[in-house]
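The structure file run.txt is reproduced below (compact mmCIF, C-alpha atoms).
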```txt
# COMPACT_ATOMS: atom_id res chain seq x y z
CA MET A 823 22.91 24.99 -6.85
CA LYS A 824 20.03 27.31 -5.88
CA LYS A 825 17.57 24.41 -5.83
CA PHE A 826 19.86 22.36 -3.61
CA ILE A 827 20.36 25.25 -1.18
CA THR A 828 16.63 25.94 -1.07
CA ILE A 829 15.76 22.31 -0.28
CA VAL A 830 18.46 21.94 2.38
CA LEU A 831 17.70 25.29 3.96
CA THR A 832 13.93 24.71 4.04
CA THR A 833 14.39 21.27 5.60
CA GLY A 834 16.88 22.67 8.10
CA ILE A 835 14.60 25.53 9.15
CA ILE A 836 11.67 23.15 9.65
CA LEU A 837 13.87 20.89 11.79
CA ARG A 838 15.02 23.86 13.83
CA LEU A 839 11.47 25.11 14.36
CA ILE A 840 10.38 21.69 15.60
CA LEU A 841 13.29 21.37 18.03
CA ALA A 842 12.94 24.95 19.28
CA PHE A 843 9.20 24.44 19.82
CA THR A 844 9.43 21.11 21.66
CA THR A 845 12.54 21.28 23.86
CA TYR A 846 13.52 23.11 27.04
CA HIS A 847 16.53 23.47 29.29
CA SER A 848 16.73 25.78 32.27
CA ASP A 849 19.77 27.59 30.82
CA ILE A 850 17.47 29.68 28.63
CA ILE A 851 15.54 31.27 31.52
CA PRO A 852 18.22 33.65 32.94
CA PHE A 853 18.40 35.58 29.67
CA ASP A 854 14.64 36.00 29.57
CA PHE A 855 14.65 37.00 33.23
CA ALA A 856 17.48 39.44 32.49
CA GLY A 857 15.25 41.21 29.98
CA LYS A 858 12.67 41.81 32.68
CA VAL A 859 15.30 43.05 35.15
CA ILE A 860 16.89 45.43 32.63
CA ALA A 861 13.50 46.71 31.42
CA SER A 862 12.59 47.58 35.01
CA GLY A 863 15.39 50.18 35.01
CA ASN A 864 18.33 48.11 36.26
CA ILE A 865 20.93 48.88 33.60
CA ALA A 866 24.30 49.92 35.02
CA ASN A 867 23.42 48.10 38.26
CA PHE A 868 22.07 45.01 36.47
CA TYR A 869 24.52 42.59 38.13
CA ASP A 870 23.74 43.97 41.57
CA TYR A 871 19.99 43.35 41.32
CA LEU A 872 19.94 39.89 42.92
CA TRP A 873 22.67 40.72 45.42
CA LYS A 874 20.64 43.64 46.80
CA LEU A 875 17.43 41.67 47.33
CA PRO A 876 16.60 40.99 50.99
CA ASP A 877 17.26 37.45 52.18
CA GLY A 878 13.60 36.51 52.33
CA ASP A 879 12.73 37.69 48.82
CA PRO A 880 10.70 35.05 46.86
CA ILE A 881 13.02 35.39 43.85
CA LEU A 882 15.93 34.06 45.91
CA LYS A 883 13.93 30.90 46.59
CA VAL A 884 14.09 30.21 42.84
CA TYR A 885 17.45 31.64 41.79
CA PRO A 886 20.84 32.11 43.49
CA ARG A 887 22.34 35.58 43.79
CA ASN A 888 25.10 34.64 41.32
CA LEU A 889 22.62 33.71 38.56
CA PHE A 890 23.97 36.29 36.09
CA ASN A 891 27.47 34.89 35.58
CA TYR A 892 28.13 35.70 31.91
CA PRO A 893 29.53 38.91 30.39
CA PRO A 894 27.04 41.75 29.84
CA LEU A 895 26.42 41.37 26.09
CA PRO A 896 24.37 38.13 26.16
CA TYR A 897 22.04 39.48 28.84
CA PHE A 898 21.46 42.79 27.14
CA PHE A 899 21.19 41.33 23.63
CA LEU A 900 19.09 38.25 24.43
CA GLY A 901 17.17 40.01 27.19
CA GLY A 902 16.32 42.81 24.78
CA ALA A 903 15.42 40.34 22.06
CA SER A 904 13.05 38.49 24.40
CA LEU A 905 11.19 41.74 25.09
CA LEU A 906 10.72 42.21 21.34
CA THR A 907 9.70 38.65 20.49
CA THR A 908 7.72 37.37 23.49
CA TRP A 909 5.23 40.19 24.04
CA VAL A 910 2.51 38.08 22.40
CA VAL A 911 2.73 35.47 25.18
CA ASP A 912 0.28 35.71 28.06
CA ASN A 913 1.95 37.59 30.93
CA ASN A 914 0.85 35.08 33.56
CA VAL A 915 2.34 32.23 31.55
CA HIS A 916 5.53 34.20 31.01
CA ASP A 917 5.91 34.95 34.72
CA SER A 918 5.28 31.29 35.56
CA PHE A 919 7.92 30.31 33.02
CA VAL A 920 10.50 32.41 34.87
CA PHE A 921 9.51 31.66 38.47
CA ASN A 922 7.55 28.39 38.47
CA PHE A 923 8.35 26.50 35.28
CA SER A 924 6.80 23.14 36.16
CA SER A 925 3.38 24.79 36.62
CA ILE A 926 3.04 25.54 32.87
CA LEU A 927 4.14 22.16 31.50
CA GLY A 928 1.49 21.10 29.02
CA ASN A 929 0.41 24.69 28.33
CA PRO A 930 0.65 25.47 24.56
CA TRP A 931 1.87 28.98 25.41
CA LEU A 932 5.05 27.39 26.76
CA ASN A 933 5.94 25.91 23.38
CA LEU A 934 5.38 29.22 21.64
CA LEU A 935 7.47 31.03 24.24
CA LEU A 936 10.36 28.58 23.80
CA LEU A 937 10.29 29.11 20.04
CA LEU A 938 10.25 32.89 20.37
CA LEU A 939 13.16 32.89 22.82
CA LYS A 940 15.28 30.87 20.38
CA LEU A 941 14.38 32.89 17.28
CA PRO A 942 17.41 35.24 17.53
CA TYR A 943 19.69 32.24 17.03
CA PHE A 944 18.34 31.51 13.56
CA LEU A 945 20.01 34.53 11.96
CA PHE A 946 23.50 33.72 13.28
CA ASP A 947 23.12 30.02 12.58
CA ILE A 948 22.03 30.31 8.94
CA ALA A 949 24.65 33.02 8.34
CA ILE A 950 27.38 30.56 9.38
CA ALA A 951 26.16 28.08 6.77
CA TYR A 952 26.56 30.69 4.02
CA LEU A 953 29.91 31.86 5.35
CA LEU A 954 31.29 28.31 5.34
CA MET A 955 30.47 28.05 1.65
CA SER A 956 32.82 30.96 0.99
CA PHE A 957 35.82 28.92 2.15
CA PHE A 958 35.54 26.79 -0.99
CA LYS A 959 35.55 27.45 -4.73
CA ASN A 960 34.17 24.18 -6.06
CA GLU A 961 30.36 24.05 -6.27
CA SER A 962 30.23 20.53 -4.86
CA GLU A 963 32.38 21.56 -1.89
CA LYS A 964 30.15 24.56 -1.26
CA LYS A 965 27.10 22.30 -1.18
CA TRP A 966 28.76 19.92 1.28
CA ALA A 967 29.85 22.76 3.58
CA PHE A 968 26.34 24.20 3.61
CA ALA A 969 24.60 20.87 4.22
CA LEU A 970 27.06 19.70 6.87
CA TRP A 971 26.40 22.82 8.88
CA ILE A 972 22.64 22.85 8.42
CA PHE A 973 22.37 19.27 9.70
CA ASN A 974 25.19 19.45 12.23
CA PRO A 975 23.95 17.53 15.30
CA VAL A 976 25.99 19.46 17.86
CA ASN A 977 24.64 22.76 16.56
CA LEU A 978 21.05 21.53 16.64
CA TYR A 979 21.50 20.16 20.14
CA ALA A 980 23.34 23.10 21.73
CA THR A 981 21.41 25.89 20.02
CA TYR A 982 17.82 24.71 19.65
CA MET A 983 17.50 22.04 22.34
CA ILE A 984 19.63 23.38 25.19
CA GLY A 985 18.96 26.90 23.95
CA GLN A 986 22.41 28.29 24.73
CA PHE A 987 23.80 31.30 22.87
CA ASP A 988 27.19 29.84 21.84
CA ILE A 989 26.07 30.20 18.23
CA ILE A 990 26.63 33.99 18.50
CA PRO A 991 30.36 34.05 19.37
CA THR A 992 30.82 31.11 16.99
CA PHE A 993 29.36 33.27 14.22
CA MET A 994 31.72 36.11 15.20
CA THR A 995 34.66 33.72 14.88
CA VAL A 996 33.67 32.42 11.44
CA LEU A 997 32.98 35.93 10.17
CA ALA A 998 36.39 37.00 11.49
CA LEU A 999 38.01 34.20 9.48
CA TYR A 1000 36.04 35.19 6.39
CA LEU A 1001 37.15 38.83 6.63
CA ALA A 1002 40.78 38.14 7.60
CA PRO A 1003 42.28 38.05 4.06
CA LYS A 1004 41.03 41.55 3.17
CA ARG A 1005 39.77 43.29 6.32
CA ILE A 1006 41.82 41.89 9.14
CA THR A 1007 41.16 44.83 11.49
CA TRP A 1008 37.46 43.96 11.33
CA SER A 1009 38.43 40.39 12.20
CA ALA A 1010 40.14 41.63 15.36
CA PHE A 1011 37.08 43.69 16.24
CA LEU A 1012 34.78 40.68 15.76
CA LEU A 1013 36.92 38.45 17.97
CA GLY A 1014 36.81 41.08 20.71
CA LEU A 1015 33.05 41.40 20.26
CA GLY A 1016 32.61 37.62 20.34
CA ALA A 1017 34.60 37.47 23.57
CA GLY A 1018 32.04 39.87 25.00
CA PHE A 1019 29.58 36.97 24.76
CA LYS A 1020 31.89 34.09 25.69
CA ILE A 1021 35.58 34.34 26.38
CA PHE A 1022 36.90 31.73 23.91
CA PRO A 1023 37.41 34.04 20.87
CA LEU A 1024 40.21 35.69 22.85
CA LEU A 1025 42.23 32.52 22.21
CA PHE A 1026 42.26 33.35 18.49
CA ILE A 1027 43.55 36.91 18.78
CA ILE A 1028 47.26 35.99 18.92
CA PRO A 1029 47.09 33.60 15.91
CA LEU A 1030 45.30 36.37 14.02
CA ALA A 1031 47.94 38.92 14.98
CA PHE A 1032 50.81 36.56 14.12
CA SER A 1033 49.44 36.17 10.60
CA LYS A 1034 50.96 39.63 9.97
CA SER A 1035 54.73 40.07 9.69
CA SER A 1036 54.99 43.59 11.18
CA TRP A 1037 54.98 44.03 14.94
CA ASN A 1038 53.17 47.33 14.51
CA GLU A 1039 50.34 45.54 12.73
CA ARG A 1040 50.33 42.77 15.32
CA ILE A 1041 50.09 45.19 18.23
CA LYS A 1042 47.34 47.10 16.43
CA LEU A 1043 45.24 43.93 16.03
CA LEU A 1044 45.81 42.91 19.64
CA PHE A 1045 44.77 46.37 20.79
CA ILE A 1046 41.59 46.44 18.65
CA ALA A 1047 40.41 43.05 19.90
CA SER A 1048 41.23 43.63 23.58
CA ALA A 1049 39.81 47.17 23.54
CA THR A 1050 36.55 45.94 21.99
CA TYR A 1051 36.23 43.30 24.69
CA PHE A 1052 37.13 45.76 27.45
CA VAL A 1053 34.65 48.41 26.26
CA SER A 1054 31.76 45.90 26.44
CA ALA A 1055 32.57 45.12 30.08
CA PHE A 1056 33.84 48.52 31.27
CA PRO A 1057 30.48 50.01 32.40
CA PHE A 1058 30.13 47.14 34.88
CA LEU A 1059 33.64 47.01 36.33
CA PHE A 1060 32.46 49.13 39.26
CA SER A 1061 29.59 46.73 39.97
CA GLU A 1062 30.25 44.43 42.90
CA GLY A 1063 27.83 41.89 41.48
CA PHE A 1064 29.73 41.80 38.19
CA ARG A 1065 33.07 41.31 39.93
CA ARG A 1066 31.63 38.56 42.12
CA THR A 1067 29.99 36.55 39.37
CA ALA A 1068 30.65 37.37 35.71
CA MET A 1069 34.22 38.68 35.86
CA LEU A 1070 35.46 35.86 38.08
CA ALA A 1071 33.05 33.11 37.02
CA GLY A 1072 34.34 29.59 37.56
CA GLN A 1073 33.82 28.67 33.90
CA THR A 1074 36.60 31.03 32.82
CA THR A 1075 39.24 29.10 34.80
CA LYS A 1076 38.22 25.51 34.06
CA SER A 1077 41.05 25.09 31.57
CA PHE A 1078 43.54 25.71 34.42
CA TYR A 1079 42.42 22.68 36.46
CA ALA A 1080 44.73 20.19 34.69
CA GLN A 1081 48.12 20.60 36.42
CA ILE A 1082 51.33 18.72 37.18
CA PRO A 1083 52.63 19.41 40.71
CA VAL A 1084 56.33 20.30 40.80
CA SER A 1085 56.44 21.12 44.50
CA GLY A 1086 54.17 21.35 47.50
CA GLY A 1087 52.76 24.70 46.38
CA GLU A 1088 53.67 24.94 42.70
CA SER A 1089 52.24 23.29 39.60
CA VAL A 1090 52.59 23.44 35.84
CA ILE A 1091 49.27 24.48 34.31
CA LEU A 1092 49.08 22.17 31.29
CA PHE A 1093 46.78 24.20 29.07
CA LEU A 1094 48.70 27.40 29.68
CA ALA A 1095 52.03 25.67 28.91
CA ALA A 1096 50.60 24.07 25.75
CA ILE A 1097 49.04 27.28 24.42
CA ILE A 1098 52.23 29.29 25.02
CA PHE A 1099 54.21 26.66 23.11
CA ILE A 1100 51.70 26.70 20.25
CA TYR A 1101 51.70 30.49 20.04
CA LEU A 1102 55.50 30.49 19.85
CA VAL A 1103 55.40 27.95 17.03
CA PHE A 1104 52.91 30.17 15.20
CA LEU A 1105 55.24 33.11 15.67
CA HIS A 1106 58.14 31.34 13.98
CA HIS A 1107 56.20 29.47 11.29
CA LYS A 1108 54.62 31.88 8.84
CA SER A 1109 51.40 30.85 7.16
CA ARG A 1110 49.04 32.28 4.57
CA VAL A 1111 46.06 34.05 6.09
CA GLU A 1112 43.81 31.75 4.02
CA ASN A 1113 44.99 28.89 6.24
CA LEU A 1114 44.28 30.77 9.44
CA TRP A 1115 41.36 28.45 10.17
CA GLN A 1116 43.84 25.61 10.72
CA ARG A 1117 45.61 27.56 13.46
CA PHE A 1118 42.31 28.46 15.10
CA PHE A 1119 41.42 24.78 14.94
CA VAL A 1120 44.64 23.73 16.69
CA VAL A 1121 44.11 26.32 19.43
CA ILE A 1122 40.50 25.43 20.20
CA LEU A 1123 41.18 21.67 20.25
CA THR A 1124 44.05 22.29 22.69
CA PHE A 1125 41.58 24.06 24.96
CA PHE A 1126 39.17 21.12 24.87
CA ILE A 1127 41.89 18.56 25.54
CA PHE A 1128 42.71 20.12 28.91
CA THR A 1129 39.21 21.24 29.92
CA HIS A 1130 36.15 19.60 31.42
CA PHE A 1131 33.81 21.42 29.10
CA HIS A 1132 30.12 22.13 29.14
CA LEU A 1133 28.27 20.27 26.41
CA GLN A 1134 27.25 23.39 24.48
CA TRP A 1135 30.88 24.56 24.29
CA PHE A 1136 31.69 21.87 21.73
CA LEU A 1137 29.76 23.97 19.22
CA TRP A 1138 32.80 26.28 19.07
CA THR A 1139 34.70 23.58 17.15
CA MET A 1140 32.00 22.67 14.66
CA PRO A 1141 32.79 25.18 11.87
CA PHE A 1142 36.36 23.86 11.82
CA PHE A 1143 35.23 20.25 11.64
CA VAL A 1144 32.92 21.11 8.73
CA ILE A 1145 35.77 22.83 6.89
CA ASP A 1146 38.08 19.89 7.64
CA LEU A 1147 35.63 17.30 6.32
CA VAL A 1148 35.21 19.13 3.02
CA TYR A 1149 38.87 20.23 2.80
CA THR A 1150 40.16 16.64 3.24
CA LYS A 1151 37.38 15.14 1.08
CA PHE A 1152 36.03 13.30 4.15
CA LYS A 1153 39.37 11.69 4.95
CA HIS A 1154 38.67 12.26 8.64
CA LEU A 1155 35.01 11.20 8.63
CA SER A 1156 35.64 8.19 10.88
CA LEU A 1157 37.52 10.40 13.36
CA PHE A 1158 34.72 12.93 13.42
CA ALA A 1159 32.20 10.12 13.94
CA GLY A 1160 34.30 8.90 16.88
CA LEU A 1161 34.22 12.35 18.44
CA ILE A 1162 30.44 12.55 18.03
CA ILE A 1163 30.01 9.11 19.60
CA SER A 1164 32.15 10.08 22.61
CA TYR A 1165 30.22 13.37 22.84
CA VAL A 1166 26.86 11.57 22.89
CA GLY A 1167 28.26 9.18 25.49
CA MET A 1168 29.21 12.12 27.70
CA ILE A 1169 25.66 13.48 27.45
CA THR A 1170 24.27 10.30 28.99
CA PHE A 1171 26.30 10.83 32.16
CA PHE A 1172 24.85 14.27 32.82
CA ASP A 1173 21.42 14.74 34.39
CA SER A 1174 18.44 13.66 32.29
CA GLY A 1175 17.56 17.31 31.71
CA LEU A 1176 20.29 17.31 29.06
CA SER A 1177 18.93 14.26 27.25
CA ILE A 1178 15.40 12.86 27.32
CA GLY A 1179 14.27 15.49 29.81
CA LEU A 1180 14.71 18.17 27.14
CA PHE A 1181 11.38 17.05 25.68
CA ALA A 1182 9.39 17.79 28.86
CA PRO A 1183 7.37 20.48 26.99
CA VAL A 1184 5.95 17.63 24.89
CA ASN A 1185 5.39 15.23 27.78
CA ARG A 1186 5.47 16.60 31.34
CA LEU A 1187 6.35 13.12 32.66
CA LEU A 1188 9.85 13.63 31.25
CA TYR A 1189 10.53 16.53 33.65
CA ASN A 1190 12.97 15.83 36.51
CA LEU A 1191 13.57 12.20 35.57
CA PRO A 1192 16.29 10.10 37.25
CA PRO A 1193 19.68 9.66 35.49
CA PHE A 1194 19.63 8.41 31.90
CA TRP A 1195 21.08 4.95 32.58
CA SER A 1196 18.65 4.36 35.44
CA ILE A 1197 15.76 5.10 33.09
CA LEU A 1198 17.01 2.35 30.78
CA GLY A 1199 17.17 -0.05 33.72
CA ILE A 1200 20.93 -0.54 33.30
CA ASN A 1201 22.82 -0.88 36.57
CA LEU A 1202 26.19 0.87 36.30
CA ASP A 1203 26.49 1.23 40.04
CA LEU A 1204 25.60 4.90 39.67
CA ASN A 1205 25.44 5.22 43.42
CA THR A 1206 29.22 5.43 43.46
CA SER A 1207 31.06 8.31 41.86
CA LEU A 1208 33.91 5.98 40.85
CA ALA A 1209 31.92 4.22 38.11
CA ILE A 1210 30.61 7.49 36.69
CA ASN A 1211 33.98 9.21 36.77
CA THR A 1212 35.75 6.23 35.19
CA ALA A 1213 33.27 6.03 32.32
CA ARG A 1214 33.42 9.78 31.71
CA SER A 1215 37.21 9.71 31.88
CA ILE A 1216 37.36 6.98 29.24
CA LEU A 1217 35.06 8.96 26.93
CA HIS A 1218 37.08 12.12 27.44
CA THR A 1219 40.31 10.20 26.82
CA ILE A 1220 38.95 8.95 23.49
CA PHE A 1221 38.01 12.53 22.70
CA VAL A 1222 41.53 13.71 23.59
CA GLY A 1223 43.24 11.04 21.50
CA ILE A 1224 41.25 11.93 18.38
CA SER A 1225 41.68 15.66 18.97
CA ALA A 1226 45.43 15.19 19.36
CA TYR A 1227 45.58 13.62 15.90
CA TYR A 1228 43.80 16.63 14.40
CA ILE A 1229 46.33 18.91 16.13
CA TYR A 1230 49.18 16.84 14.71
CA TYR A 1231 47.64 16.92 11.23
CA TYR A 1232 47.24 20.72 11.16
CA PHE A 1233 50.24 21.65 13.28
CA PRO A 1234 52.54 24.07 11.38
CA LYS A 1235 54.98 22.17 9.17
CA GLN A 1236 57.45 23.20 6.53
CA LYS A 1237 55.13 22.10 3.73
CA ASN A 1238 52.45 24.54 4.92
CA GLU A 1239 54.76 27.52 4.41
CA ASN A 1240 54.84 27.20 0.62
```

Please go through the file and, once you have read it, give me the structure as structure tokens.
Amino acid sequence: MKKFITIVLTTGIILRLILAFTTYHSDIIPFDFAGKVIASGNIANFYDYLWKLPDGDPILKVYPRNLFNYPPLPYFFLGGASLLTTWVVDNNVHDSFVFNFSSILGNPWLNLLLLLLKLPYFLFDIAIAYLLMSFFKNESEKKWAFALWIFNPVNLYATYMIGQFDIIPTFMTVLALYLAPKRITWSAFLLGLGAGFKIFPLLFIIPLAFSKSSWNERIKLLFIASATYFVSAFPFLFSEGFRRTAMLAGQTTKSFYAQIPVSGGESVILFLAAIIFIYLVFLHHKSRVENLWQRFFVVILTFFIFTHFHLQWFLWTMPFFVIDLVYTKFKHLSLFAGLIISYVGMITFFDSGLSIGLFAPVNRLLYNLPPFWSILGINLDLNTSLAINTARSILHTIFVGISAYYIYYYFPKQKNEN
């Protein structure tokens, strides 16, 4: 067992180091820039920094005023981490990275800087692999859970290639599940803390609360989670910049786009209707806390069915898919493969910066390339939005169909109550 874990972990770390060192996406820059802004004394007024710059300021030629559109925790955590890890990088290179990225393509300092900025993710990522092992008792199952996470393609892509921080709230969610059987109040705290990075852990608070039979306990868990989330954002509620960007960011309402009109000015919001129905089913179908992961899985897949999601968001589902594959003895392997294929297909219809352009730090000619299919010389009539939207709709429909089966499979049934 120890030898297997050592080999898999060593191989996985080497793979992560290579990807972190050789790939770049612009999403990683705002957190590094945030570290510089915060370190310059802009703490409580952090979100107002760009809004208060004069119109002609050079920074506004590079970044929009609404650049900082996430909750406070990722900026303060990752911004602080960048100050601790990137001090070895030449200051001129670092400034060029933030304000004139293309000018340092081909500079070896760039590769080192990219690696250092992604280092904080390693801890959360590897911790998830060990936590997933704890969901199983059989040694073979533990090995599979560990290996499936270490070599999970969505994790490698979202965390070490795009460089997004979704791995942190994902870790909070898995740790909350791990602690739920014995320390459920800590689980509520972790979900609230995870929501302070990205909002999705809030979806799991009600299933967690409904795992208890007493309304006093349920209300207590709801209060702990919501209070934790509120405390992380409270210092910035009086910031106009925060209210303009982070608190009301468009990403938080994307799941409300899918609607059925019932009158000229009224619609049924499909995700909201579905999640209310699911929560009510959870309320009236008791389940062991050990099976809580199944209810989380149903909730998060419902979100993705009704949402045009960012590619890195799919990482939120990956711990559940790993558990499912091992739990069902790979019964759903073909379904998971279908989801991955549709996911990869979706990537090709985004700009090339999310595919081959990620490797621009290795070859500067890959920076700002035309769309993926144009590079391959395949004419899909990309000049019209109809062809693109139809292809993406088909891929998303495949994704929805497969996800719906998973929801059906894990939806509360009488047999799960025993």

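For the set A:Phe853, A:Gln1081, A:Leu999, A:Ser1035, the residue with the smallest atom-to-atom gap to A:His1107 is A:Ser1035, counting all atoms listed in the file.
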
Using all atoms listed in the file, find each residue of stretch 976-1089 of chain A with at least one atom at most 12 Å away from an atom of stretch 885-909 of chain A; report its shortest atom-to-atom pair and that distance in Å (one decimal), sort the rows by chain and rising residue number, and return the result as a Markdown table.
```
| residue | atom | partner | partner_atom | distance |
| --- | --- | --- | --- | --- |
| A:Gly985 | CA | A:Leu900 | CA | 11.4 |
| A:Gln986 | CA | A:Pro896 | CA | 10.1 |
| A:Phe987 | CA | A:Pro896 | CA | 7.6 |
| A:Asp988 | CA | A:Pro896 | CA | 9.8 |
| A:Ile989 | CA | A:Pro896 | CA | 11.3 |
| A:Ile990 | CA | A:Pro896 | CA | 9.0 |
| A:Pro991 | CA | A:Pro896 | CA | 9.9 |
| A:Gly1014 | CA | A:Leu895 | CA | 11.7 |
| A:Leu1015 | CA | A:Leu895 | CA | 8.8 |
| A:Gly1016 | CA | A:Leu895 | CA | 9.2 |
| A:Ala1017 | CA | A:Pro893 | CA | 8.6 |
| A:Gly1018 | CA | A:Leu895 | CA | 5.9 |
| A:Phe1019 | CA | A:Pro896 | CA | 5.5 |
| A:Lys1020 | CA | A:Pro893 | CA | 7.1 |
| A:Ile1021 | CA | A:Pro893 | CA | 8.6 |
| A:Thr1050 | CA | A:Leu895 | CA | 11.8 |
| A:Tyr1051 | CA | A:Pro893 | CA | 9.8 |
| A:Phe1052 | CA | A:Pro893 | CA | 10.6 |
| A:Val1053 | CA | A:Pro894 | CA | 10.7 |
| A:Ser1054 | CA | A:Leu895 | CA | 7.0 |
| A:Ala1055 | CA | A:Pro894 | CA | 6.5 |
| A:Phe1056 | CA | A:Pro894 | CA | 9.7 |
| A:Pro1057 | CA | A:Pro894 | CA | 9.3 |
| A:Phe1058 | CA | A:Pro894 | CA | 8.0 |
| A:Leu1059 | CA | A:Pro894 | CA | 10.6 |
| A:Ser1061 | CA | A:Pro894 | CA | 11.6 |
| A:Glu1062 | CA | A:Asn888 | CA | 11.2 |
| A:Gly1063 | CA | A:Asn888 | CA | 7.7 |
| A:Phe1064 | CA | A:Asn891 | CA | 7.7 |
| A:Arg1065 | CA | A:Asn891 | CA | 9.6 |
| A:Arg1066 | CA | A:Asn888 | CA | 7.7 |
| A:Thr1067 | CA | A:Asn891 | CA | 4.8 |
| A:Ala1068 | CA | A:Asn891 | CA | 4.0 |
| A:Met1069 | CA | A:Pro893 | CA | 7.2 |
| A:Leu1070 | CA | A:Asn891 | CA | 8.4 |
| A:Ala1071 | CA | A:Asn891 | CA | 6.0 |
| A:Gly1072 | CA | A:Asn891 | CA | 8.9 |
| A:Gln1073 | CA | A:Asn891 | CA | 9.0 |
| A:Thr1074 | CA | A:Tyr892 | CA | 9.7 |
```

*asked:* Please list as a ChimeraX atom specification every residue within 10 Å of stretch 1126-1134 of chain A, counting only C-alpha atoms and excluding residues in the same chain fewer than 2 positions away.
replied: /A:976-977,979-981,984-989,1073,1075-1081,1091-1094,1096,1121-1124,1136-1139,1165-1166,1168-1169,1172,1176,1215,1218-1219,1221-1226

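The spacing separating atom CA of A:Phe1011 from atom CA of A:Ile1046 amounts to 5.8 Å.
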
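With distances restricted to all atoms listed in the file, A:Phe968 is the closest residue to A:Thr828 from A:Tyr982, A:Tyr869, A:Phe923, A:Phe968.
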
Atom CA of A:Trp966 to atom CA of A:Asp1146 measures 11.3 Å

Margin query: Just checking: using all atoms listed in the file, which residue out of A:Asp947, A:Glu963, A:Glu1039, A:Asp912 ends up closest to A:Lys1151?
Written below: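 Closest to A:Lys1151, using all atoms listed in the file: A:Glu963.
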
If you count all atoms listed in the file, the residue of A:Val1084, A:Val910, A:Thr844, A:Leu839 closest to A:Gly928 turns out to be A:Thr844

As a check of understanding: the span from atom CA of A:Gly834 to atom CA of A:Val1184 is 20.7 Å

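Minimum atom-to-atom distance to A:Leu1180, evaluated using all atoms listed in the file, belongs to A:Leu936 out of A:Met823, A:Val1111, A:Leu936, A:Leu1024.
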
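Closest approach to A:Asn1113 from the set A:Trp1037, A:Tyr1000, A:Phe1158, A:Phe1143 is made by A:Tyr1000, with distances taken over all atoms listed in the file.
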
Would you mind listing what lies within 10 Å of A:Val911 as a list in words, with only C-alpha atoms counted and same-chain residues fewer than 5 positions away left out?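 So the residues in contact are His916, Trp931, Leu932, Leu934, Leu935 and Leu938 of chain A.
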